[in-house]
>>> print(open('my_file_11.txt').read())   # compact mmCIF, C-alpha atoms (C1' of nucleotides)
# COMPACT_ATOMS: atom_id res chain seq x y z
CA MET A 1 4.16 36.03 -36.43
CA ALA A 2 3.45 36.34 -32.75
CA ALA A 3 2.87 32.62 -32.67
CA ASP A 4 6.09 31.19 -31.25
CA GLU A 5 8.47 33.34 -29.24
CA PRO A 6 7.43 36.94 -28.69
CA SER A 7 10.29 39.33 -29.37
CA THR A 8 11.89 41.07 -26.45
CA GLY A 9 10.53 44.26 -28.01
CA LEU A 10 6.94 43.17 -27.55
CA LEU A 11 7.70 41.91 -24.06
CA LEU A 12 9.08 45.34 -23.16
CA PHE A 13 6.19 47.13 -24.72
CA LEU A 14 3.36 45.30 -22.98
CA PRO A 15 4.18 46.29 -19.38
CA TYR A 16 5.13 49.78 -20.51
CA ARG A 17 1.76 50.26 -22.13
CA ALA A 18 -0.03 48.80 -19.13
CA LEU A 19 1.70 51.28 -16.83
CA GLU A 20 0.97 54.23 -19.09
CA ASN A 21 -2.68 53.24 -19.30
CA ARG A 22 -2.93 53.04 -15.54
CA VAL A 23 -1.40 56.47 -15.05
CA LEU A 24 -3.59 58.11 -17.67
CA ALA A 25 -6.69 56.45 -16.26
CA ALA A 26 -5.88 57.65 -12.75
CA LEU A 27 -5.29 61.20 -13.94
CA THR A 28 -8.59 61.16 -15.83
CA ALA A 29 -10.39 59.82 -12.78
CA ALA A 30 -8.86 62.58 -10.64
CA GLY A 31 -10.23 65.26 -12.93
CA PHE A 32 -7.14 65.73 -15.06
CA ASP A 33 -9.04 64.60 -18.09
CA ASP A 34 -7.56 67.11 -20.50
CA VAL A 35 -4.12 65.52 -20.75
CA THR A 36 -3.51 63.39 -23.80
CA PRO A 37 -0.92 60.60 -23.92
CA ALA A 38 1.38 62.60 -26.18
CA GLN A 39 1.21 65.59 -23.85
CA ALA A 40 1.93 63.39 -20.86
CA ARG A 41 4.94 61.84 -22.55
CA LEU A 42 6.40 65.29 -23.04
CA PHE A 43 5.37 66.57 -19.63
CA GLN A 44 7.14 63.78 -17.80
CA ARG A 45 10.44 64.92 -19.25
CA ILE A 46 10.31 68.41 -17.80
CA GLY A 47 13.04 68.85 -15.21
CA PRO A 48 12.57 70.51 -11.80
CA GLU A 49 14.16 73.75 -13.01
CA GLY A 50 12.38 73.74 -16.33
CA THR A 51 13.54 72.38 -19.64
CA ARG A 52 14.03 73.89 -23.06
CA LEU A 53 11.64 73.04 -25.83
CA THR A 54 14.43 71.67 -27.99
CA ALA A 55 15.60 69.40 -25.20
CA LEU A 56 12.09 68.09 -24.65
CA ALA A 57 11.71 67.45 -28.36
CA GLU A 58 14.97 65.54 -28.57
CA GLN A 59 14.23 63.32 -25.60
CA ALA A 60 10.73 62.56 -26.78
CA GLN A 61 12.04 62.10 -30.32
CA VAL A 62 9.64 64.48 -31.98
CA THR A 63 10.37 67.64 -33.94
CA LYS A 64 10.54 70.91 -32.08
CA GLN A 65 7.43 72.00 -33.96
CA THR A 66 5.47 69.06 -32.60
CA ALA A 67 6.84 69.65 -29.13
CA GLY A 68 5.86 73.30 -29.42
CA ALA A 69 2.29 72.40 -30.26
CA LEU A 70 2.09 70.00 -27.33
CA VAL A 71 3.46 72.63 -24.96
CA ASP A 72 0.88 75.07 -26.32
CA HIS A 73 -1.88 72.73 -25.24
CA LEU A 74 -0.28 72.04 -21.88
CA GLU A 75 0.18 75.75 -21.30
CA ARG A 76 -3.40 76.65 -22.20
CA ALA A 77 -4.60 73.95 -19.81
CA GLY A 78 -2.41 75.32 -17.01
CA TYR A 79 0.00 72.42 -16.68
CA VAL A 80 3.10 74.31 -17.74
CA ARG A 81 4.37 77.85 -18.18
CA ARG A 82 7.01 79.24 -20.51
CA VAL A 83 9.55 81.48 -18.84
CA PRO A 84 12.57 83.22 -20.33
CA ASP A 85 15.84 81.34 -20.12
CA PRO A 86 18.28 83.63 -18.28
CA SER A 87 21.22 82.05 -20.04
CA ASP A 88 19.99 82.49 -23.59
CA ALA A 89 17.62 85.13 -24.89
CA ARG A 90 16.51 82.96 -27.77
CA ALA A 91 15.38 80.19 -25.53
CA ARG A 92 12.57 79.74 -23.07
CA LEU A 93 12.23 77.24 -20.28
CA VAL A 94 9.14 75.09 -20.03
CA ARG A 95 8.30 74.86 -16.34
CA ILE A 96 5.66 72.88 -14.55
CA ALA A 97 2.84 75.19 -13.43
CA GLU A 98 0.18 74.87 -10.76
CA ARG A 99 -2.11 72.35 -12.37
CA GLY A 100 0.89 70.30 -13.35
CA LEU A 101 2.15 70.30 -9.77
CA GLU A 102 -1.22 69.02 -8.64
CA ALA A 103 -1.16 66.17 -11.13
CA LEU A 104 2.37 65.03 -10.28
CA PRO A 105 1.66 63.25 -6.97
CA ILE A 106 -1.24 61.38 -8.50
CA ALA A 107 0.90 60.08 -11.33
CA ALA A 108 3.69 59.21 -8.91
CA ALA A 109 1.29 57.32 -6.67
CA VAL A 110 0.03 55.17 -9.53
CA VAL A 111 3.53 54.40 -10.73
CA ALA A 112 4.45 53.31 -7.20
CA GLU A 113 1.29 51.24 -6.96
CA VAL A 114 1.89 49.43 -10.23
CA GLU A 115 5.54 48.82 -9.44
CA ALA A 116 4.46 47.37 -6.10
CA GLU A 117 2.12 44.99 -7.92
CA TRP A 118 4.96 43.93 -10.16
CA LEU A 119 7.16 43.39 -7.16
CA VAL A 120 4.56 41.10 -5.60
CA HIS A 121 4.21 39.13 -8.80
CA LEU A 122 7.91 38.81 -9.56
CA GLY A 123 9.34 38.65 -6.09
CA LYS A 124 12.10 40.83 -4.75
CA ARG A 125 14.87 38.98 -6.49
CA ARG A 126 13.45 38.98 -10.02
CA MET A 127 12.30 42.55 -9.76
CA ALA A 128 15.84 43.58 -8.91
CA GLN A 129 17.18 41.52 -11.80
CA LEU A 130 14.69 43.17 -14.13
CA ARG A 131 15.67 46.66 -13.10
CA GLY A 132 19.32 45.78 -13.22
CA ALA A 133 19.10 44.46 -16.75
CA LEU A 134 17.02 47.44 -17.86
CA HIS A 135 19.53 49.85 -16.38
CA ALA A 136 22.30 48.12 -18.29
CA LEU A 137 20.25 48.14 -21.47
CA ARG A 138 19.73 51.84 -21.09
CA GLU A 139 23.44 52.39 -21.61
CA ILE A 140 23.17 51.25 -25.20
CA THR A 141 19.64 52.33 -26.06
CA ASP A 142 19.26 55.75 -24.48
CA PRO A 143 21.07 58.59 -26.23
CA TYR A 144 20.75 60.57 -22.99
CA ALA A 145 21.99 58.04 -20.50
CA MET B 1 11.20 64.48 -12.27
CA ALA B 2 13.57 62.27 -14.15
CA ALA B 3 16.33 63.41 -11.82
CA ASP B 4 16.65 60.57 -9.32
CA GLU B 5 15.43 57.09 -10.10
CA PRO B 6 13.86 56.56 -13.50
CA SER B 7 10.63 54.64 -13.26
CA THR B 8 10.55 51.10 -14.50
CA GLY B 9 8.14 52.37 -17.12
CA LEU B 10 10.73 54.64 -18.67
CA LEU B 11 13.35 51.91 -18.46
CA LEU B 12 11.05 49.59 -20.36
CA PHE B 13 10.21 52.21 -22.92
CA LEU B 14 13.73 53.22 -23.90
CA PRO B 15 14.90 49.87 -25.29
CA TYR B 16 11.53 49.26 -26.87
CA ARG B 17 11.73 52.53 -28.74
CA ALA B 18 15.31 51.87 -29.77
CA LEU B 19 14.31 48.52 -31.24
CA GLU B 20 11.32 49.96 -33.07
CA ASN B 21 13.48 52.72 -34.53
CA ARG B 22 16.02 50.22 -35.78
CA VAL B 23 13.38 48.09 -37.46
CA LEU B 24 11.69 51.04 -39.13
CA ALA B 25 15.03 52.42 -40.30
CA ALA B 26 16.03 49.08 -41.81
CA LEU B 27 12.70 48.76 -43.61
CA THR B 28 13.06 52.26 -45.00
CA ALA B 29 16.61 51.54 -46.12
CA ALA B 30 15.42 48.38 -47.88
CA GLY B 31 12.88 50.31 -49.91
CA PHE B 32 9.88 49.73 -47.67
CA ASP B 33 9.65 53.43 -47.03
CA ASP B 34 5.88 53.65 -47.16
CA VAL B 35 5.22 51.96 -43.82
CA THR B 36 4.49 54.26 -40.92
CA PRO B 37 5.09 53.30 -37.29
CA ALA B 38 1.37 53.00 -36.61
CA GLN B 39 0.91 50.73 -39.60
CA ALA B 40 3.85 48.58 -38.54
CA ARG B 41 2.47 48.20 -35.03
CA LEU B 42 -0.74 46.82 -36.47
CA PHE B 43 0.96 44.72 -39.12
CA GLN B 44 3.11 42.86 -36.62
CA ARG B 45 0.00 41.50 -34.95
CA ILE B 46 -1.35 39.75 -38.02
CA GLY B 47 -1.29 35.99 -37.50
CA PRO B 48 -0.10 33.46 -40.09
CA GLU B 49 -3.66 32.55 -41.05
CA GLY B 50 -4.87 36.13 -41.05
CA THR B 51 -6.53 38.06 -38.28
CA ARG B 52 -9.81 39.90 -37.99
CA LEU B 53 -9.85 43.65 -37.95
CA THR B 54 -11.53 43.71 -34.56
CA ALA B 55 -8.88 41.45 -33.10
CA LEU B 56 -6.10 43.62 -34.46
CA ALA B 57 -7.78 46.71 -33.05
CA GLU B 58 -8.12 45.16 -29.60
CA GLN B 59 -4.53 44.00 -29.42
CA ALA B 60 -3.16 47.30 -30.64
CA GLN B 61 -5.60 49.13 -28.35
CA VAL B 62 -7.08 51.35 -31.00
CA THR B 63 -10.66 51.60 -32.21
CA LYS B 64 -11.75 49.41 -35.07
CA GLN B 65 -12.19 52.54 -37.18
CA THR B 66 -8.57 53.46 -36.66
CA ALA B 67 -7.49 49.92 -37.38
CA GLY B 68 -9.61 49.96 -40.51
CA ALA B 69 -7.93 53.10 -41.78
CA LEU B 70 -4.48 51.66 -41.12
CA VAL B 71 -5.37 48.44 -42.93
CA ASP B 72 -6.67 50.54 -45.83
CA HIS B 73 -3.24 52.07 -46.21
CA LEU B 74 -1.44 48.77 -45.81
CA GLU B 75 -3.73 47.19 -48.38
CA ARG B 76 -3.25 49.96 -50.93
CA ALA B 77 0.52 49.64 -50.50
CA GLY B 78 0.33 45.88 -51.05
CA TYR B 79 1.35 44.73 -47.59
CA VAL B 80 -1.94 43.04 -46.70
CA ARG B 81 -5.09 41.74 -48.33
CA ARG B 82 -8.61 41.40 -46.95
CA VAL B 83 -10.19 38.01 -47.55
CA PRO B 84 -13.61 36.73 -46.46
CA ASP B 85 -13.71 34.88 -43.17
CA PRO B 86 -15.20 31.45 -43.91
CA SER B 87 -16.57 31.15 -40.39
CA ASP B 88 -18.44 34.46 -40.34
CA ALA B 89 -19.89 36.30 -43.31
CA ARG B 90 -19.71 39.64 -41.53
CA ALA B 91 -16.02 39.36 -40.92
CA ARG B 92 -12.96 39.53 -43.11
CA LEU B 93 -9.49 38.28 -42.39
CA VAL B 94 -6.55 40.60 -42.82
CA ARG B 95 -3.78 38.53 -44.37
CA ILE B 96 -0.21 39.40 -45.14
CA ALA B 97 0.21 39.89 -48.90
CA GLU B 98 3.25 39.77 -51.17
CA ARG B 99 4.94 42.99 -50.23
CA GLY B 100 4.34 42.22 -46.59
CA LEU B 101 5.95 38.82 -46.97
CA GLU B 102 8.99 40.46 -48.49
CA ALA B 103 9.32 42.88 -45.58
CA LEU B 104 8.99 40.24 -42.88
CA PRO B 105 12.48 38.69 -43.10
CA ILE B 106 14.08 42.13 -43.04
CA ALA B 107 12.26 43.06 -39.88
CA ALA B 108 13.04 39.70 -38.32
CA ALA B 109 16.72 40.08 -39.14
CA VAL B 110 16.95 43.46 -37.44
CA VAL B 111 15.16 42.20 -34.37
CA ALA B 112 17.61 39.31 -34.17
CA GLU B 113 20.52 41.65 -34.69
CA VAL B 114 19.45 44.04 -31.95
CA GLU B 115 18.72 41.22 -29.53
CA ALA B 116 22.18 39.85 -30.25
CA GLU B 117 23.68 43.22 -29.36
CA TRP B 118 21.74 43.24 -26.15
CA LEU B 119 22.93 39.74 -25.39
CA VAL B 120 26.53 40.84 -25.82
CA HIS B 121 26.04 43.83 -23.58
CA LEU B 122 24.13 42.04 -20.84
CA GLY B 123 25.71 38.63 -20.99
CA LYS B 124 23.86 35.37 -21.30
CA ARG B 125 22.79 35.24 -17.69
CA ARG B 126 21.29 38.69 -17.41
CA MET B 127 19.61 38.44 -20.79
CA ALA B 128 17.88 35.28 -19.65
CA GLN B 129 16.87 36.97 -16.40
CA LEU B 130 15.46 39.90 -18.35
CA ARG B 131 13.38 37.71 -20.62
CA GLY B 132 12.26 35.61 -17.69
CA ALA B 133 11.07 38.61 -15.73
CA LEU B 134 9.36 40.11 -18.77
CA HIS B 135 7.56 36.84 -19.47
CA ALA B 136 6.30 36.80 -15.92
CA LEU B 137 5.26 40.43 -16.14
CA ARG B 138 3.30 39.66 -19.25
CA GLU B 139 0.98 37.48 -17.22
CA ILE B 140 -0.35 40.49 -15.37
CA THR B 141 -0.01 43.19 -18.02
CA ASP B 142 -1.12 41.53 -21.25
CA PRO B 143 -4.86 40.99 -21.60
CA TYR B 144 -4.09 38.43 -24.30
CA ALA B 145 -1.49 36.36 -22.51
C1' DT C 1 32.70 91.98 -38.11
C1' DG C 2 30.82 88.29 -40.67
C1' DA C 3 29.66 83.45 -41.37
C1' DC C 4 27.44 79.87 -39.32
C1' DA C 5 24.74 77.45 -35.85
C1' DT C 6 20.89 77.28 -32.57
C1' DC C 7 16.10 78.46 -30.38
C1' DG C 8 11.78 79.01 -31.32
C1' DT C 9 7.65 80.13 -34.22
C1' DC C 10 4.45 80.31 -38.36
C1' DA C 11 2.28 77.94 -42.23
C1' DG C 12 0.57 74.02 -44.66
C1' DC C 13 -0.19 69.31 -45.02
C1' DT C 14 -0.67 64.17 -43.95
C1' DT C 15 -1.58 60.60 -40.73
C1' DC C 16 -3.55 58.96 -36.52
C1' DT C 17 -7.26 58.64 -33.58
C1' DC C 18 -11.60 59.41 -31.63
C1' DT C 19 -17.05 59.60 -31.31
C1' DG C 20 -21.34 58.73 -33.39
C1' DA C 21 -24.32 56.55 -36.61
C1' DC C 22 -25.33 52.95 -39.66
C1' DT C 23 -25.85 48.10 -42.32
C1' DA C 24 -25.40 43.31 -42.33
C1' DA C 25 -24.80 38.96 -40.10
C1' DT C 26 -24.74 36.14 -35.93
C1' DT C 27 -26.24 34.76 -31.49
C1' DT C 28 -29.40 34.54 -27.74
C1' DA C 29 -33.98 34.68 -25.45
C1' DG C 30 -38.64 33.80 -25.26
C1' DC D 1 -38.72 29.77 -34.60
C1' DT D 2 -39.13 34.44 -34.47
C1' DA D 3 -37.58 38.86 -32.01
C1' DA D 4 -34.12 41.16 -29.54
C1' DA D 5 -29.53 41.88 -28.57
C1' DT D 6 -24.79 41.44 -29.95
C1' DT D 7 -20.92 41.59 -33.06
C1' DA D 8 -18.10 42.81 -37.56
C1' DG D 9 -17.22 46.24 -40.31
C1' DT D 10 -17.87 50.77 -42.82
C1' DC D 11 -18.92 55.86 -43.53
C1' DA D 12 -18.62 60.62 -41.96
C1' DG D 13 -16.81 64.33 -39.40
C1' DA D 14 -13.64 66.22 -36.26
C1' DG D 15 -9.48 67.16 -33.43
C1' DA D 16 -4.76 65.84 -32.13
C1' DA D 17 -0.22 64.48 -33.48
C1' DG D 18 3.31 64.57 -36.46
C1' DC D 19 6.19 66.08 -40.46
C1' DT D 20 8.81 69.45 -43.88
C1' DG D 21 10.05 73.97 -45.14
C1' DA D 22 10.79 78.77 -44.23
C1' DC D 23 11.72 82.44 -41.26
C1' DG D 24 13.44 86.08 -37.54
C1' DA D 25 16.21 86.55 -33.54
C1' DT D 26 20.08 85.42 -30.79
C1' DG D 27 24.51 83.24 -29.89
C1' DT D 28 29.17 81.50 -31.14
C1' DC D 29 33.41 81.46 -33.34
C1' DA D 30 36.90 82.57 -36.76
>>> encode(input="my_file_11.txt", output="structure tokens")
Amino acid sequence: MAADEPSTGLLLFLPYRALENRVLAALTAAGFDDVTPAQARLFQRIGPEGTRLTALAEQAQVTKQTAGALVDHLERAGYVRRVPDPSDARARLVRIAERGLEALPIAAAVVAEVEAEWLVHLGKRRMAQLRGALHALREITDPYA
Amino acid sequence: MAADEPSTGLLLFLPYRALENRVLAALTAAGFDDVTPAQARLFQRIGPEGTRLTALAEQAQVTKQTAGALVDHLERAGYVRRVPDPSDARARLVRIAERGLEALPIAAAVVAEVEAEWLVHLGKRRMAQLRGALHALREITDPYA
DNA sequence: TGACATCGTCAGCTTCTCTGACTAATTTAG
DNA sequence: CTAAATTAGTCAGAGAAGCTGACGATGTCA
């Protein structure tokens, strides 16, 4: 199967997984060892002003029940806080809390570090081509673009 | 967080997820509705001559116990078969069985279809640039390249 | 006002994934 | 050539992740 030409899907997945692993490893090393991959995938979609549970669930493509359970864990660990949504009494906004704010710069630093490594390996030109093509691809693969 | 520039990681992930969704949906529609995403991710790494459980586990980055449980399900559903490994009496090779062979062309067709859509959207030049950059990236992100 | 949709939670269940411990076979060291 | 260390796989137990279905509360719209 994987013998001849690897599908573009696999080629996309490999660097994505490598980056995610690096970020999770760095967080663990920095003492944020109670974040699981699934929690991190949800967490990274929280906007600066907070985001509704339903919105998080949609973007992460999980049910709102699953998202709720993940937010429960994140909240108990101090990474996020649920606050009332002023615009809708049914809803609540998931906001990044103290511990989450502490973890953010670490994650951002690793992402920057890995992207810098990729830039060195690919060269400026090919890195720009890669990002350009990925941006274009997003238009037809991201329901939220 | 996701406000300004999306990380290359997210940009890689979005099309990957879109492709995976399409493949799973097509399999389900074709009657292969008993394959889960985790099982499919393992299945796709089985080589033409069969692959050892440990090798599958490493490539999918799960423990061999997890891989074993996934293969159990795949085997019960008829997608794979475990056969003795002639070169090592401890080991067994996971081989694609009848039902798995039937599913393969369907998956391959969807992958081809999606890649064709991407080609249309990106154009020949940018698609080639994308694959070129991803191939290069594989060298530093795939432990099995 | 009433019908319908949306936001979130509770409950119950399956699948995924891990750690730890173990057997059997292979490889390596002395 | 035996003894120790390594490797392949399984069993057992546990927690996390994910789903469907049902529900109360709020919001929207005719």
>>> interface_residues(input="my_file_11.txt", of="chain A", to="chain D", cutoff="10 Å", atoms="only C-alpha atoms (C1' of nucleotides)", output="ChimeraX atom specification")
/A:36,38-39,62-63,65-67,69-70,88-91
>>> residues_near_point(input="my_file_11.txt", point="(2.0, 71.6, -13.6)", cutoff="9 Å", atoms="all atoms listed in the file", output="MDAnalysis selection string")
chainID A and resid 43 74:75 78:81 95:104
>>> interface_residues(input="my_file_11.txt", of="chain C", to="chain A", cutoff="10 Å", atoms="all atoms listed in the file", output="PDB file with C-alpha atoms (C1' of nucleotides), in the frame of the given file")
ATOM      1  C1'  DT C   6      20.890  77.280 -32.570  1.00  0.00           C
ATOM      2  C1'  DC C   7      16.100  78.460 -30.380  1.00  0.00           C
ATOM      3  C1'  DG C   8      11.780  79.010 -31.320  1.00  0.00           C
ATOM      4  C1'  DT C   9       7.650  80.130 -34.220  1.00  0.00           C
ATOM      5  C1'  DC C  10       4.450  80.310 -38.360  1.00  0.00           C
TER       6       DC C  10
END
>>> closest_residue(input="my_file_11.txt", among="B:Ala57, B:Val83, B:Leu14, B:Val94", to="chain A", atoms="all atoms listed in the file")
B:Leu14
>>> interface_residues(input="my_file_11.txt", of="chain A", to="chain B", cutoff="6 Å", atoms="only C-alpha atoms", output="PyMOL selection string")
chain A and resi 1+9+11-12+15-16+18+47+130+134+141
>>> axis_aligned_box(input="my_file_11.txt", around="region 63-79 of chain B", padding_each_side="4 Å", output="AutoDock Vina command-line options")
--center_x -5.4 --center_y 49.1 --center_z -41.6 --size_x 21.5 --size_y 16.7 --size_z 26.8
>>> atom_distance(input="my_file_11.txt", atom1="CA of Ala55 (chain A)", atom2="CA of Ser87 (chain A)")
14.8 Å
>>> atom_distance(input="my_file_11.txt", atom1="CA of Gly50 (chain B)", atom2="CA of Val110 (chain B)")
23.3 Å
>>> atom_distance(input="my_file_11.txt", atom1="CA of Pro86 (chain A)", atom2="C1' of DC4 (chain C)")
23.3 Å
>>> decode(input="my_file_11.txt", residues="chain C", atoms="C-alpha atoms (C1' of nucleotides)", output="CSV table (one decimal), in the first residue's frame")
chain,number,residue,atom,x,y,z
C,1,DT,C1',-48.5,33.4,22.0
C,2,DG,C1',-46.9,29.1,20.3
C,3,DA,C1',-43.9,26.2,17.4
C,4,DC,C1',-39.4,25.4,16.5
C,5,DA,C1',-34.5,25.8,16.9
C,6,DT,C1',-30.3,26.3,19.7
C,7,DC,C1',-27.1,25.9,24.0
C,8,DG,C1',-25.7,23.1,27.2
C,9,DT,C1',-25.9,19.0,30.4
C,10,DC,C1',-26.9,14.2,32.2
C,11,DA,C1',-26.8,9.2,31.5
C,12,DG,C1',-25.2,5.1,29.4
C,13,DC,C1',-22.3,2.8,26.4
C,14,DT,C1',-18.4,1.5,23.1
C,15,DT,C1',-13.8,2.3,21.4
C,16,DC,C1',-9.2,3.9,22.0
C,17,DT,C1',-5.2,4.1,24.6
C,18,DC,C1',-2.2,3.6,28.3
C,19,DT,C1',0.8,1.1,32.1
C,20,DG,C1',2.3,-3.1,34.1
C,21,DA,C1',3.1,-7.9,34.1
C,22,DC,C1',3.8,-12.1,31.7
C,23,DT,C1',5.2,-16.1,28.2
C,24,DA,C1',7.8,-17.6,24.3
C,25,DA,C1',11.3,-17.1,21.0
C,26,DT,C1',15.5,-14.8,19.4
C,27,DT,C1',19.9,-12.6,19.9
C,28,DT,C1',24.0,-11.5,22.3
C,29,DA,C1',27.8,-12.1,25.7
C,30,DG,C1',30.9,-14.7,28.2
